[in-house]
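Novice: Sending over a structure as structure tokens; questions will come in a sec.
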Amino acid sequence: VAITKLGDAGIVWIILTVILLLIPKTRKSGVYMAVALIADLIICNVILKPIVARIRHKALTDGPAVGHTIEGLFFPSGHTAASFASVSALYFAGRKRMAAGALIVSVLIAFSRMYLYVHYPADVLGGLIIGLLCGWIADMIIQKVRKKDQGKVDRFCTKSDSS
């Protein structure tokens, strides 16, 4: 239960994102994580969960999830998606060692969701895939913004140099 609570509302990943954003040396990684977590929020909670609208099966409510909320929609696993969005964002940001540590925590959170019978394996697998996709989406967005900003910088420098 303690491991699964790390993923409640993505709190561990949000805290890590804020810490990374506050430290100039790690700000880039924080931006990657923020974009990935926002993509995860939109894809999972705004788009997929309402469309799929999977209600928890009775078998899942009889498990060892003592004191754990078992309300809401369940595909994909939001805990797993946020966890793997963070892992892949760190990876794409070039923080391989930090991503490896986050991967361990993410696997434990994903496993805990099944162990506590609050998600089917398909919910967790869906969350894992969507999370990885969100990290990739963050990388694509950030690369596109960088390219666009670089063009502005190049034009600005060209104008200054020719004047």
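The chains in the structure tokens are called A, B, ... from first to last as shown; in each chain the residues are counted from 1, and the ligands are counted from 1 in the order shown.
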Excluding Cys44 (chain A) and its own-chain neighbours fewer than 4 positions away, which residues fall within 12 Å of it when counting only C-alpha atoms? Please give them as an MDAnalysis selection string.

Specialist: chainID A and resid 36:40 48:53 73:82 85 123 126:131 133:134

Novice: Go ahead and write the selection's residues with N, CA, C and O atoms as a compact mmCIF listing (two decimals), in the first residue's frame.

Specialist:
# COMPACT_ATOMS: atom_id res chain seq x y z
N ALA A 36 5.68 15.98 -20.07
CA ALA A 36 5.23 14.58 -20.13
C ALA A 36 4.05 14.35 -19.18
O ALA A 36 3.08 13.67 -19.54
N LEU A 37 4.11 14.90 -17.98
CA LEU A 37 3.01 14.71 -17.02
C LEU A 37 1.74 15.43 -17.46
O LEU A 37 0.63 14.93 -17.24
N ILE A 38 1.89 16.58 -18.10
CA ILE A 38 0.71 17.29 -18.62
C ILE A 38 0.10 16.48 -19.77
O ILE A 38 -1.11 16.32 -19.86
N ALA A 39 0.94 15.94 -20.65
CA ALA A 39 0.45 15.08 -21.74
C ALA A 39 -0.26 13.86 -21.17
O ALA A 39 -1.34 13.48 -21.64
N ASP A 40 0.31 13.27 -20.12
CA ASP A 40 -0.29 12.11 -19.46
C ASP A 40 -1.66 12.48 -18.89
O ASP A 40 -2.63 11.75 -19.06
N LEU A 48 -8.86 9.29 -22.55
CA LEU A 48 -9.07 7.85 -22.53
C LEU A 48 -10.04 7.34 -21.45
O LEU A 48 -10.92 6.54 -21.75
N LYS A 49 -9.84 7.76 -20.22
CA LYS A 49 -10.70 7.22 -19.15
C LYS A 49 -12.18 7.48 -19.41
O LYS A 49 -12.99 6.56 -19.27
N PRO A 50 -12.59 8.68 -19.82
CA PRO A 50 -14.01 8.88 -20.12
C PRO A 50 -14.51 8.09 -21.33
O PRO A 50 -15.65 7.64 -21.35
N ILE A 51 -13.64 7.89 -22.31
CA ILE A 51 -14.05 7.13 -23.51
C ILE A 51 -14.19 5.65 -23.17
O ILE A 51 -15.19 5.02 -23.51
N VAL A 52 -13.17 5.08 -22.53
CA VAL A 52 -13.19 3.66 -22.20
C VAL A 52 -14.21 3.39 -21.09
O VAL A 52 -14.95 2.42 -21.13
N ALA A 53 -14.23 4.25 -20.09
CA ALA A 53 -15.19 4.19 -18.97
C ALA A 53 -15.27 2.80 -18.34
O ALA A 53 -16.36 2.30 -18.05
N LEU A 73 -12.67 5.70 -12.75
CA LEU A 73 -12.48 4.90 -13.96
C LEU A 73 -11.08 4.30 -13.94
O LEU A 73 -10.16 4.88 -13.38
N PHE A 74 -10.91 3.16 -14.61
CA PHE A 74 -9.72 2.36 -14.34
C PHE A 74 -8.84 1.99 -15.51
O PHE A 74 -7.85 1.30 -15.31
N PHE A 75 -9.17 2.39 -16.71
CA PHE A 75 -8.26 2.13 -17.82
C PHE A 75 -7.91 3.44 -18.47
O PHE A 75 -8.81 4.18 -18.87
N PRO A 76 -6.65 3.72 -18.59
CA PRO A 76 -5.46 3.01 -18.13
C PRO A 76 -5.15 3.35 -16.68
O PRO A 76 -5.75 4.25 -16.11
N SER A 77 -4.19 2.65 -16.11
CA SER A 77 -3.74 2.94 -14.76
C SER A 77 -3.01 4.29 -14.75
O SER A 77 -1.96 4.43 -15.35
N GLY A 78 -3.61 5.26 -14.08
CA GLY A 78 -3.00 6.59 -14.00
C GLY A 78 -1.69 6.59 -13.23
O GLY A 78 -0.75 7.31 -13.59
N HIS A 79 -1.62 5.77 -12.17
CA HIS A 79 -0.38 5.66 -11.39
C HIS A 79 0.76 5.20 -12.31
O HIS A 79 1.85 5.75 -12.29
N THR A 80 0.48 4.17 -13.09
CA THR A 80 1.49 3.60 -13.97
C THR A 80 1.85 4.57 -15.10
O THR A 80 3.03 4.75 -15.42
N ALA A 81 0.84 5.21 -15.67
CA ALA A 81 1.09 6.14 -16.78
C ALA A 81 1.96 7.30 -16.32
O ALA A 81 2.94 7.65 -16.99
N ALA A 82 1.65 7.90 -15.18
CA ALA A 82 2.45 9.03 -14.68
C ALA A 82 3.88 8.57 -14.37
O ALA A 82 4.85 9.29 -14.64
N ALA A 85 5.67 7.96 -17.69
CA ALA A 85 5.86 9.25 -18.37
C ALA A 85 7.09 9.94 -17.78
O ALA A 85 7.91 10.51 -18.51
N ASP A 123 -4.81 -2.84 -17.62
CA ASP A 123 -4.84 -1.43 -17.21
C ASP A 123 -3.42 -0.93 -16.99
O ASP A 123 -3.06 0.18 -17.39
N GLY A 126 -1.53 -0.78 -20.32
CA GLY A 126 -1.97 0.42 -21.04
C GLY A 126 -1.33 1.67 -20.46
O GLY A 126 -0.88 2.55 -21.20
N GLY A 127 -1.28 1.76 -19.13
CA GLY A 127 -0.64 2.91 -18.49
C GLY A 127 0.84 3.00 -18.82
O GLY A 127 1.36 4.09 -19.06
N LEU A 128 1.50 1.86 -18.84
CA LEU A 128 2.93 1.81 -19.17
C LEU A 128 3.16 2.34 -20.59
O LEU A 128 4.02 3.20 -20.81
N ILE A 129 2.39 1.85 -21.53
CA ILE A 129 2.55 2.26 -22.94
C ILE A 129 2.25 3.75 -23.10
O ILE A 129 2.99 4.49 -23.75
N ILE A 130 1.16 4.20 -22.49
CA ILE A 130 0.79 5.61 -22.60
C ILE A 130 1.84 6.49 -21.92
O ILE A 130 2.20 7.55 -22.43
N GLY A 131 2.35 6.05 -20.78
CA GLY A 131 3.39 6.81 -20.11
C GLY A 131 4.63 6.97 -20.96
O GLY A 131 5.17 8.07 -21.09
N LEU A 133 4.78 6.78 -24.16
CA LEU A 133 4.38 7.64 -25.27
C LEU A 133 4.40 9.11 -24.85
O LEU A 133 4.83 9.97 -25.62
N CYS A 134 3.97 9.41 -23.63
CA CYS A 134 3.95 10.80 -23.15
C CYS A 134 5.36 11.37 -23.03
O CYS A 134 5.57 12.55 -23.32

Novice: Just the residues within 12 Å of Val18 (chain A), please, counting only C-alpha atoms, with nothing from its chain fewer than 4 positions along; format it as a PyMOL selection string.

Specialist: chain A and resi 11-14+22-24+26-34+37

Novice: Of the residues A:Leu108, A:Ala99, A:Ala89, A:Ala138, which is the one nearest to Gly7 (chain A), using only C-alpha atoms?

Specialist: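 Smallest separation from Gly7 (chain A) among the options: A:Leu108.
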
Novice: May I ask for the distance between CA of Ala122 (chain A) and CA of Ile137 (chain A), given in Å to one decimal place?

Specialist: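 Between CA of Ala122 (chain A) and CA of Ile137 (chain A) the gap works out to 22.0 Å.
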
Novice: Could you tell me how far CA of Lys25 (chain A) lies from CA of Arg95 (chain A), in Å and to one decimal?

Specialist: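 Calculated distance between CA of Lys25 (chain A) and CA of Arg95 (chain A) is 11.6 Å.
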
Novice: What is the distance between CA of Ile3 (chain A) and CA of Leu132 (chain A), in Å to one decimal?

Specialist: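 These two atoms are separated by 20.3 Å.
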
Novice: Name the residues of region 6-122 of chain A that come out as helix (DSSP H, G or I) in a backbone DSSP run; write them as an MDAnalysis selection string.

Specialist: chainID A and resid 6 8:22 24:52 58:61 78:92 96:115 121:122

Novice: Which residues come within 12 Å of Ile104 (chain A), counting only C-alpha atoms, excluding same-chain residues fewer than 3 positions away, as a ChimeraX atom specification?

Specialist: /A:3,83-84,86-87,97-101,107-111
